[in-house]
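Engineer: Contents of my_file_35.cif (mmCIF, C-alpha atoms and all ligand atoms) are given next:
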data_protein
loop_
_atom_site.label_atom_id
_atom_site.label_comp_id
_atom_site.auth_asym_id
_atom_site.auth_seq_id
_atom_site.Cartn_x
_atom_site.Cartn_y
_atom_site.Cartn_z
CA THR A 1 17.68 -20.08 -78.08
CA GLU A 2 14.71 -17.99 -79.15
CA LEU A 3 13.30 -18.72 -75.72
CA ILE A 4 16.23 -17.09 -73.97
CA PRO A 5 15.33 -13.47 -73.28
CA SER A 6 17.84 -10.72 -73.96
CA LEU A 7 19.34 -9.49 -70.68
CA TYR A 8 19.52 -5.87 -71.71
CA SER A 9 15.96 -5.92 -73.03
CA VAL A 10 14.69 -7.25 -69.73
CA TYR A 11 16.46 -4.35 -67.98
CA GLN A 12 15.57 -1.74 -70.60
CA ASP A 13 13.59 0.37 -68.11
CA TYR A 14 16.22 0.11 -65.37
CA PHE A 15 19.78 0.59 -66.57
CA LEU A 16 22.20 -0.39 -69.34
CA ILE A 17 23.78 -3.85 -69.15
CA GLY A 18 27.46 -3.90 -70.01
CA ALA A 19 30.40 -6.22 -70.47
CA ALA A 20 34.16 -5.72 -70.48
CA VAL A 21 35.79 -7.01 -73.64
CA ASN A 22 39.25 -7.40 -75.10
CA SER A 23 40.38 -7.88 -78.71
CA ARG A 24 39.85 -11.63 -78.39
CA THR A 25 36.50 -11.81 -76.55
CA LEU A 26 35.09 -9.19 -78.90
CA HIS A 27 35.07 -12.04 -81.42
CA SER A 28 34.72 -15.17 -79.25
CA GLU A 29 31.74 -13.73 -77.33
CA LYS A 30 30.27 -11.80 -80.24
CA ASP A 31 26.81 -13.41 -80.29
CA LEU A 32 26.27 -13.03 -76.56
CA LEU A 33 27.51 -9.44 -76.69
CA ILE A 34 25.07 -8.48 -79.38
CA LYS A 35 22.10 -10.28 -77.89
CA HIS A 36 22.46 -9.48 -74.18
CA TYR A 37 24.45 -6.29 -73.71
CA ASN A 38 24.00 -2.67 -74.69
CA SER A 39 27.21 -1.29 -73.23
CA LEU A 40 30.90 -2.19 -73.63
CA THR A 41 34.04 -1.40 -71.66
CA ALA A 42 37.57 -2.08 -72.87
CA GLU A 43 39.13 -4.43 -70.33
CA ASN A 44 42.65 -3.07 -70.94
CA GLU A 45 42.74 -1.43 -74.35
CA MET A 46 42.16 2.16 -73.23
CA LYS A 47 44.53 2.03 -70.26
CA PHE A 48 47.53 4.35 -70.23
CA GLU A 49 50.20 1.67 -70.89
CA ARG A 50 48.25 0.28 -73.83
CA ILE A 51 47.14 3.45 -75.52
CA HIS A 52 50.06 5.77 -74.72
CA PRO A 53 53.15 3.57 -74.27
CA SER A 54 55.69 6.37 -74.71
CA GLU A 55 55.55 10.13 -74.70
CA ASP A 56 54.97 10.68 -78.40
CA VAL A 57 53.29 7.38 -79.23
CA PHE A 58 49.58 6.67 -79.05
CA THR A 59 48.38 3.21 -80.08
CA PHE A 60 44.68 3.41 -80.76
CA GLU A 61 44.16 0.35 -82.99
CA LYS A 62 42.70 -2.02 -80.40
CA ALA A 63 40.54 0.60 -78.73
CA ASP A 64 39.35 1.75 -82.14
CA GLU A 65 38.37 -1.82 -82.95
CA ILE A 66 36.18 -1.97 -79.85
CA MET A 67 34.63 1.41 -80.71
CA ALA A 68 33.90 0.21 -84.25
CA PHE A 69 32.26 -2.98 -82.99
CA ALA A 70 30.10 -0.95 -80.60
CA LYS A 71 29.09 1.46 -83.32
CA LYS A 72 28.30 -1.26 -85.83
CA ASN A 73 26.13 -3.14 -83.34
CA GLY A 74 24.55 -0.17 -81.62
CA LEU A 75 26.19 -0.60 -78.20
CA ASN A 76 27.12 2.26 -75.87
CA VAL A 77 30.68 2.56 -74.56
CA ARG A 78 32.07 3.30 -71.08
CA GLY A 79 35.60 4.62 -71.07
CA HIS A 80 38.13 2.99 -68.73
CA THR A 81 40.34 4.58 -67.43
CA LEU A 82 42.28 7.87 -67.65
CA VAL A 83 44.23 8.26 -64.41
CA TRP A 84 45.27 5.22 -62.35
CA HIS A 85 48.29 4.07 -60.33
CA ASN A 86 48.33 0.71 -62.18
CA GLN A 87 49.06 -0.07 -65.82
CA THR A 88 50.64 3.33 -66.27
CA PRO A 89 54.09 3.33 -67.88
CA ASP A 90 57.15 4.49 -65.95
CA TRP A 91 58.05 7.19 -68.48
CA VAL A 92 55.11 9.25 -67.27
CA PHE A 93 56.80 9.89 -63.92
CA ILE A 94 60.41 10.45 -64.93
CA GLU A 95 62.48 12.94 -66.88
CA GLU A 96 64.68 11.84 -69.76
CA ASP A 97 67.68 11.58 -67.41
CA GLY A 98 65.75 9.32 -65.04
CA SER A 99 65.10 11.89 -62.32
CA PRO A 100 61.57 12.36 -61.01
CA VAL A 101 59.39 14.53 -63.21
CA SER A 102 58.46 18.03 -62.07
CA GLN A 103 54.92 18.86 -60.99
CA GLU A 104 54.49 21.08 -63.98
CA LYS A 105 55.61 18.45 -66.45
CA LEU A 106 53.51 15.67 -64.94
CA LEU A 107 50.46 17.88 -65.09
CA SER A 108 51.10 18.69 -68.72
CA ARG A 109 51.57 14.98 -69.48
CA MET A 110 48.30 14.23 -67.77
CA GLU A 111 46.65 16.99 -69.77
CA ASN A 112 48.09 15.67 -73.01
CA HIS A 113 47.01 12.12 -72.20
CA ILE A 114 43.44 12.96 -71.24
CA SER A 115 42.87 15.40 -74.05
CA THR A 116 44.25 13.04 -76.69
CA VAL A 117 42.40 9.92 -75.51
CA ALA A 118 39.11 11.49 -74.41
CA GLY A 119 39.36 13.82 -77.41
CA ARG A 120 39.65 10.97 -79.89
CA TYR A 121 36.43 9.36 -78.63
CA LYS A 122 34.59 12.57 -77.83
CA GLY A 123 30.84 12.16 -78.15
CA GLN A 124 31.14 8.37 -78.41
CA ILE A 125 31.62 7.52 -74.75
CA TYR A 126 28.75 8.03 -72.33
CA SER A 127 30.82 7.77 -69.15
CA TRP A 128 34.53 7.88 -68.36
CA ASP A 129 36.30 6.43 -65.35
CA VAL A 130 38.40 9.54 -64.97
CA VAL A 131 40.19 8.50 -61.80
CA ASN A 132 40.46 4.86 -60.73
CA GLU A 133 41.25 3.52 -57.25
CA ALA A 134 42.72 6.64 -55.63
CA VAL A 135 41.38 5.84 -52.15
CA SER A 136 43.51 3.79 -49.74
CA ASP A 137 42.54 0.39 -48.34
CA ASN A 138 44.66 1.00 -45.26
CA LYS A 139 43.08 1.94 -41.98
CA GLY A 140 43.54 5.59 -41.15
CA GLU A 141 45.00 6.46 -44.57
CA PHE A 142 42.78 8.51 -46.87
CA LEU A 143 44.32 8.47 -50.34
CA ARG A 144 46.41 5.66 -51.77
CA LYS A 145 50.14 6.29 -52.05
CA SER A 146 50.95 6.73 -55.74
CA LYS A 147 53.20 8.69 -58.05
CA TRP A 148 50.24 10.87 -59.00
CA LEU A 149 49.63 11.77 -55.37
CA ASP A 150 53.35 12.10 -54.53
CA ILE A 151 54.11 14.51 -57.30
CA LEU A 152 50.88 16.42 -57.81
CA GLY A 153 49.26 16.22 -54.37
CA GLU A 154 45.56 15.57 -53.76
CA ASP A 155 44.68 18.03 -56.45
CA PHE A 156 45.54 15.53 -59.20
CA ILE A 157 42.03 14.15 -58.86
CA ALA A 158 40.19 17.43 -59.36
CA LYS A 159 42.55 18.37 -62.21
CA ALA A 160 41.84 15.12 -64.07
CA PHE A 161 38.10 15.72 -63.92
CA GLU A 162 38.43 19.32 -65.05
CA ILE A 163 40.50 18.39 -68.07
CA ALA A 164 38.19 15.52 -69.04
CA HIS A 165 35.15 17.75 -68.77
CA GLU A 166 36.68 20.43 -70.93
CA ILE A 167 37.50 17.85 -73.61
CA ASP A 168 34.23 15.91 -73.62
CA PRO A 169 31.56 18.01 -71.88
CA ASN A 170 28.76 15.56 -72.65
CA ALA A 171 30.38 12.50 -71.08
CA SER A 172 29.47 11.82 -67.48
CA LEU A 173 32.59 11.59 -65.38
CA PHE A 174 33.13 8.92 -62.74
CA TYR A 175 35.30 8.16 -59.77
CA ASN A 176 35.68 4.34 -59.78
CA ASP A 177 36.87 2.02 -56.99
CA TYR A 178 36.77 -1.49 -55.45
CA ASN A 179 36.07 -2.59 -51.86
CA GLU A 180 33.42 0.03 -52.33
CA SER A 181 31.00 -1.68 -49.91
CA ASP A 182 33.47 -1.99 -47.05
CA PRO A 183 32.08 0.42 -44.42
CA GLU A 184 35.39 2.14 -43.76
CA LYS A 185 36.48 2.50 -47.37
CA ARG A 186 32.98 3.54 -48.35
CA GLU A 187 33.22 6.55 -46.03
CA LYS A 188 36.53 7.58 -47.59
CA ILE A 189 35.09 7.33 -51.10
CA TYR A 190 32.02 9.24 -49.96
CA ARG A 191 34.20 11.94 -48.40
CA LEU A 192 36.36 12.27 -51.52
CA VAL A 193 33.45 12.55 -53.92
CA LYS A 194 31.51 14.88 -51.63
CA SER A 195 34.45 17.25 -51.37
CA LEU A 196 34.99 17.22 -55.14
CA LYS A 197 31.33 18.02 -55.63
CA GLU A 198 31.47 20.84 -53.09
CA GLN A 199 34.51 22.33 -54.83
CA GLY A 200 32.47 22.46 -58.03
CA VAL A 201 34.57 19.79 -59.75
CA PRO A 202 32.71 18.26 -62.73
CA ILE A 203 32.06 14.80 -61.30
CA HIS A 204 28.85 13.02 -62.17
CA GLY A 205 29.02 9.58 -60.69
CA ILE A 206 30.58 6.88 -58.59
CA GLY A 207 31.65 3.61 -60.15
CA LEU A 208 31.36 0.58 -57.92
CA GLN A 209 33.60 -2.11 -59.35
CA ALA A 210 31.71 -4.91 -57.57
CA HIS A 211 34.45 -7.55 -57.64
CA TRP A 212 32.44 -9.62 -55.22
CA ASN A 213 32.40 -13.24 -54.08
CA LEU A 214 29.99 -15.76 -52.60
CA HIS A 215 30.53 -14.50 -49.07
CA GLN A 216 31.56 -10.88 -49.32
CA PRO A 217 30.47 -8.17 -49.15
CA ASN A 218 27.31 -8.97 -47.25
CA ILE A 219 23.96 -7.76 -48.52
CA LYS A 220 23.50 -5.31 -45.69
CA ASP A 221 26.79 -3.54 -46.43
CA ILE A 222 25.96 -3.37 -50.12
CA ARG A 223 22.55 -1.84 -49.49
CA GLU A 224 23.92 0.66 -46.96
CA SER A 225 26.68 1.66 -49.36
CA MET A 226 24.17 2.16 -52.14
CA GLU A 227 22.12 4.42 -49.86
CA ARG A 228 25.17 6.37 -48.76
CA TYR A 229 26.45 6.92 -52.30
CA ALA A 230 22.99 7.70 -53.63
CA SER A 231 22.65 10.44 -51.02
CA LEU A 232 25.31 12.43 -52.91
CA GLY A 233 22.81 13.00 -55.69
CA LEU A 234 25.10 11.63 -58.41
CA GLN A 235 24.77 8.63 -60.68
CA ILE A 236 25.97 5.21 -59.63
CA GLN A 237 27.29 2.63 -62.08
CA ILE A 238 28.27 -0.93 -61.34
CA THR A 239 31.40 -1.05 -63.45
CA GLU A 240 33.29 -4.37 -63.17
CA MET A 241 31.00 -6.95 -61.68
CA ASP A 242 32.03 -10.55 -61.14
CA VAL A 243 31.11 -13.00 -58.43
CA SER A 244 34.10 -15.18 -57.57
CA LEU A 245 33.51 -18.63 -56.16
CA TYR A 246 36.41 -18.18 -53.73
CA GLY A 247 36.50 -16.10 -50.57
CA TRP A 248 39.28 -13.51 -50.23
CA GLY A 249 41.70 -15.65 -48.23
CA ASP A 250 40.97 -18.81 -50.20
CA ARG A 251 44.08 -19.96 -52.09
CA ARG A 252 42.87 -23.37 -53.26
CA THR A 253 43.81 -24.24 -56.84
CA ASP A 254 42.49 -27.78 -57.32
CA LEU A 255 38.87 -27.11 -58.27
CA LYS A 256 38.11 -28.60 -61.71
CA GLU A 257 34.52 -27.45 -61.71
CA PRO A 258 32.31 -25.51 -59.32
CA THR A 259 30.52 -27.53 -56.64
CA LYS A 260 26.73 -27.62 -56.63
CA GLU A 261 26.80 -25.66 -53.40
CA MET A 262 28.90 -22.89 -54.93
CA ILE A 263 26.66 -22.61 -57.95
CA GLU A 264 23.53 -22.41 -55.81
CA LEU A 265 25.05 -19.77 -53.58
CA GLN A 266 26.12 -17.82 -56.64
CA GLU A 267 22.54 -17.86 -57.96
CA GLN A 268 21.23 -16.58 -54.66
CA ARG A 269 23.80 -13.84 -54.53
CA TYR A 270 23.10 -12.69 -58.09
CA GLU A 271 19.39 -12.64 -57.29
CA GLN A 272 19.97 -10.50 -54.20
CA TYR A 273 22.36 -8.12 -55.95
CA PHE A 274 20.00 -7.43 -58.81
CA GLN A 275 17.15 -6.98 -56.36
CA ILE A 276 19.17 -4.15 -54.79
CA PHE A 277 20.13 -2.73 -58.20
CA ARG A 278 16.46 -2.59 -59.16
CA GLU A 279 15.61 -0.83 -55.91
CA PHE A 280 18.17 1.83 -56.80
CA HIS A 281 17.44 2.01 -60.51
CA ASP A 282 16.74 5.75 -60.27
CA VAL A 283 20.41 6.40 -59.60
CA ILE A 284 22.03 3.38 -61.24
CA THR A 285 22.57 4.07 -64.93
CA SER A 286 24.50 0.97 -65.93
CA VAL A 287 25.56 -2.43 -64.64
CA THR A 288 28.68 -3.82 -66.30
CA PHE A 289 30.15 -7.30 -65.87
CA TRP A 290 33.93 -7.67 -66.08
CA GLY A 291 33.59 -10.22 -68.85
CA VAL A 292 30.88 -12.20 -70.61
CA SER A 293 30.92 -15.97 -70.07
CA ASP A 294 32.91 -18.27 -67.78
CA SER A 295 35.11 -19.19 -70.73
CA TYR A 296 37.29 -16.17 -69.94
CA THR A 297 37.78 -14.12 -66.78
CA TRP A 298 40.73 -12.12 -65.41
CA LEU A 299 40.03 -14.00 -62.14
CA ASN A 300 41.70 -17.08 -63.68
CA ASN A 301 44.89 -15.20 -62.93
CA PHE A 302 43.96 -13.10 -59.94
CA PRO A 303 44.62 -13.20 -57.04
CA VAL A 304 45.92 -16.75 -57.58
CA LYS A 305 47.66 -17.46 -60.88
CA GLY A 306 46.24 -20.26 -63.01
CA ARG A 307 43.20 -20.93 -60.84
CA LYS A 308 39.93 -21.39 -62.71
CA ASN A 309 36.94 -19.27 -61.70
CA TRP A 310 33.31 -19.15 -62.88
CA PRO A 311 32.01 -15.69 -62.02
CA PHE A 312 29.40 -14.87 -64.69
CA LEU A 313 25.82 -15.49 -65.80
CA PHE A 314 26.87 -17.58 -68.83
CA ASN A 315 28.83 -20.84 -68.55
CA GLU A 316 31.89 -21.95 -70.48
CA LYS A 317 29.65 -23.16 -73.30
CA GLN A 318 28.14 -19.66 -73.43
CA GLN A 319 24.81 -20.99 -72.19
CA PRO A 320 22.81 -19.18 -69.50
CA LYS A 321 23.43 -20.49 -65.98
CA ASP A 322 20.62 -20.64 -63.43
CA ALA A 323 21.98 -17.35 -62.10
CA PHE A 324 21.00 -15.81 -65.45
CA TRP A 325 17.43 -16.94 -64.98
CA LYS A 326 17.34 -15.48 -61.47
CA VAL A 327 18.54 -12.16 -62.86
CA VAL A 328 16.03 -12.02 -65.70
C1 LIG B 401 42.25 -5.98 -64.92
C2 LIG B 401 42.13 -6.75 -66.23
O1 LIG B 401 40.93 -7.48 -66.22
C3 LIG B 401 43.32 -7.66 -66.40
O2 LIG B 401 43.31 -8.25 -67.69
C4 LIG B 401 44.63 -6.88 -66.23
O3 LIG B 401 45.70 -7.78 -66.28
C5 LIG B 401 44.64 -6.17 -64.90
O4 LIG B 401 43.48 -5.32 -64.83
N1 LIG B 401 40.18 -2.99 -61.37
C6 LIG B 401 40.14 -2.30 -62.56
C7 LIG B 401 40.35 -3.04 -63.84
O5 LIG B 401 39.80 -1.12 -62.58
O6 LIG B 401 40.97 -2.24 -64.80
C8 LIG B 401 41.15 -4.29 -63.61
O7 LIG B 401 41.21 -5.02 -64.84
C9 LIG B 401 40.53 -5.12 -62.52
C10 LIG B 401 40.53 -4.37 -61.21
#
Show me this structure written as structure tokens.
Ligand code: XIL

Structural biologist:
Amino acid sequence: TELIPSLYSVYQDYFLIGAAVNSRTLHSEKDLLIKHYNSLTAENEMKFERIHPSEDVFTFEKADEIMAFAKKNGLNVRGHTLVWHNQTPDWVFIEEDGSPVSQEKLLSRMENHISTVAGRYKGQIYSWDVVNEAVSDNKGEFLRKSKWLDILGEDFIAKAFEIAHEIDPNASLFYNDYNESDPEKREKIYRLVKSLKEQGVPIHGIGLQAHWNLHQPNIKDIRESMERYASLGLQIQITEMDVSLYGWGDRRTDLKEPTKEMIELQEQRYEQYFQIFREFHDVITSVTFWGVSDSYTWLNNFPVKGRKNWPFLFNEKQQPKDAFWKVV
């Protein structure tokens, strides 16, 4: 294993290399994490429903554990995520009697949430996903329908950034989204971030989730999106990368192991992606995978429950795949 280079060391002059972890993989993937990564993201442990399950209750134990691991081993931490339509508890949007919450109250809850969570980790998180997935995937619709949008209006986005900046002025603040390389959605994300920037909102970067697969998005769309986002003069971070072996419409569940063809295509794709990342290393400040090795991935349950996937650079035995060698 001495002969296996450290991924983050190889990319030292380009960008940080990160991985999403949870309380379990923090231990099961410990050796790989320490050797190959210099950035961590909590896969779920800092999300609203986990860290702030009811109005007066904050549960920091699991997030604290991740922070402690990072500190002990000298890894940087990306914060994920403060304001999102998913994994946010219902209490946030209703009054005690069950009626919809007032604008004023929702804003003060958002303020309380951001200042408590970002405040707790102030100075220890280099970038926060302040707002996640607020742009719509539907043709002709700009922002996604959500309780945040319904109750607070478009301004909820700017407000979230302002609060986060006041609480942790040294963290760089990100807007994060998926389908980020789709030409139509890309323009909506561009438009949103550009207008925030023009309003003087403290936004410092765009997070590209990069939940990609063997066929999509194509390399041309990725490169064009990178150029378009880079033209805003902000940072870019790849925040949740995985490369699924299944195309979007593929619902097959019988695969016991990846075919040789799939694995070869995955290698090629990883090689091409990192080629683009290196080209844009002036604006890309970190590249985070949404997991570590193929022994665990959220894709085993999404979008098809119970279907095995193999999206990473390390196999189920935690050994480097050929894709790893292409990347290094
Ligand atoms: C996913 C986690 O990986 C799963 O464990 C959880 O059940 C659902 O959320 N976009 C995001 C991430 O911003 O927070 C999501 O993470 C994946 C899609």

Engineer: For Gly18 (chain A), work out the shell of residues within 10 Å, counting only C-alpha atoms and skipping chain neighbours fewer than 2 positions away, then give it as number ranges by chain.

Structural biologist: A: 7-8, 15-16, 20-21, 33, 36-41, 75-78, 238-241, 286-292

Engineer: Could you state the separation of CA of Ser172 (chain A) and CA of Lys122 (chain A) in Å, given to one decimal place?

Structural biologist: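 Computing it gives 11.6 Å between the two atoms.
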
Engineer: Which residues are near ligand LIG 401 (chain B) - at most 8 Å, using only C-alpha atoms and all ligand atoms? Format: as a PyMOL selection string.

Structural biologist: chain A and resi 43-44+47+80-81+87+132-133+176-178+209+211+240+290+297-299

Engineer: Expressed in Å to a single decimal, how great is the separation between CA of Asp282 (chain A) and CA of Phe142 (chain A)?

Structural biologist: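 Taking CA of Asp282 (chain A) as the start and CA of Phe142 (chain A) as the end point, the length is 29.4 Å.
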
Engineer: Looking at A:Ser295, A:Asn170, A:Ser9, A:Gln319, which one is nearest to Tyr126 (chain A), with distances taken over all atoms listed in the file?

Structural biologist: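 Closest candidate: A:Asn170.
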
Engineer: For a test of reading the model, state the distance in Å between CA of Ile263 (chain A) and CA of Asp294 (chain A), rounded to one decimal.

Structural biologist: 12.4 Å

Engineer: Excluding same-chain residues fewer than 3 positions from Gln235 (chain A), what lies within 7 Å of it counting all atoms listed in the file, as JSON, numbers by chain?

Structural biologist: {"A": [204, 205, 206, 283, 284, 285]}

Engineer: With a cut-off of 9 Å, could you pull out the residues of region 97-131 of chain A touching region 52-56 of chain A and give me the nearest pair of atoms for each, distance in Å to one decimal, using all atoms listed in the file, ordered by chain and ascending number, as a Markdown table?

Structural biologist:
| residue | atom | partner | partner_atom | distance |
| --- | --- | --- | --- | --- |
| A:Arg109 | CA | A:Glu55 | CA | 8.2 |
| A:His113 | CA | A:His52 | CA | 7.5 |
| A:Val117 | CA | A:His52 | CA | 8.7 |

Engineer: Could you list as a PyMOL selection string every residue that has an atom within 12 Å of (43.9, -17.5, -49.9), using the file's coordinates and counting all atoms listed in the file?

Structural biologist: chain A and resi 246-253+302-305+307

Engineer: Identify which of the residues A:Val201, A:Met67, A:Ile114, A:Met262 lies closest to Glu45 (chain A), counting all atoms listed in the file when measuring atom-to-atom distances.

Structural biologist: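 For Glu45 (chain A), the nearest of the candidates is A:Met67.
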
Engineer: I'd like the contact shell of Pro169 (chain A) - 10 Å cut-off, all atoms listed in the file, skipping same-chain residues fewer than 5 positions apart - returned as number ranges by chain.

Structural biologist: A: 122-123, 162-164, 202

Engineer: Go ahead and dump the residues you just picked, C-alpha atoms, as a JSON list (two decimals), in the frame of the given file.

Structural biologist:
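Wrote it out as out-v8.json, contents follow:
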[["chain", "number", "residue", "atom", "x", "y", "z"],
["A", 122, "LYS", "CA", 34.59, 12.57, -77.83],
["A", 123, "GLY", "CA", 30.84, 12.16, -78.15],
["A", 162, "GLU", "CA", 38.43, 19.32, -65.05],
["A", 163, "ILE", "CA", 40.50, 18.39, -68.07],
["A", 164, "ALA", "CA", 38.19, 15.52, -69.04],
["A", 202, "PRO", "CA", 32.71, 18.26, -62.73]]

Engineer: Restricting the calculation to only C-alpha atoms: of A:Lys147, A:Lys197, A:His85, A:Lys62, which residue gets closest to Gln103 (chain A)?

Structural biologist: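 Of A:Lys147, A:Lys197, A:His85, A:Lys62, the one nearest Gln103 (chain A), counting only C-alpha atoms, is A:Lys147.
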
Engineer: May I ask which of the residues A:Lys35, A:His27, A:Arg120, A:Lys145 is the closest one to Phe58 (chain A), counting all atoms listed in the file?

Structural biologist: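 Between A:Lys35, A:His27, A:Arg120, A:Lys145, the residue approaching Phe58 (chain A) most closely is A:Arg120.
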
Engineer: Pick the closest to Glu264 (chain A) from A:Asp137, A:Asp322, A:Glu29, A:Asp150: which is it, counting all atoms listed in the file?

Structural biologist: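 Smallest distance to Glu264 (chain A) is found for A:Asp322.
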
Engineer: Using only C-alpha atoms, give me every residue within 6 Å of (28.3, 0.1, -57.1) in file coordinates, as a short mmCIF file (atom, residue, chain, number, x, y, z; two decimals) with C-alpha atoms, in the frame of the given file.

Structural biologist:
data_model
loop_
_atom_site.label_atom_id
_atom_site.label_comp_id
_atom_site.auth_asym_id
_atom_site.auth_seq_id
_atom_site.Cartn_x
_atom_site.Cartn_y
_atom_site.Cartn_z
CA GLY A 207 31.65 3.61 -60.15
CA LEU A 208 31.36 0.58 -57.92
CA GLN A 237 27.29 2.63 -62.08
CA ILE A 238 28.27 -0.93 -61.34
#

Engineer: So, counting only C-alpha atoms, which residue among A:Asn213, A:Asn309, A:Gln124, A:Gln268 is closest to Asn179 (chain A)?

Structural biologist: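 The answer is A:Asn213, which sits nearest to Asn179 (chain A).
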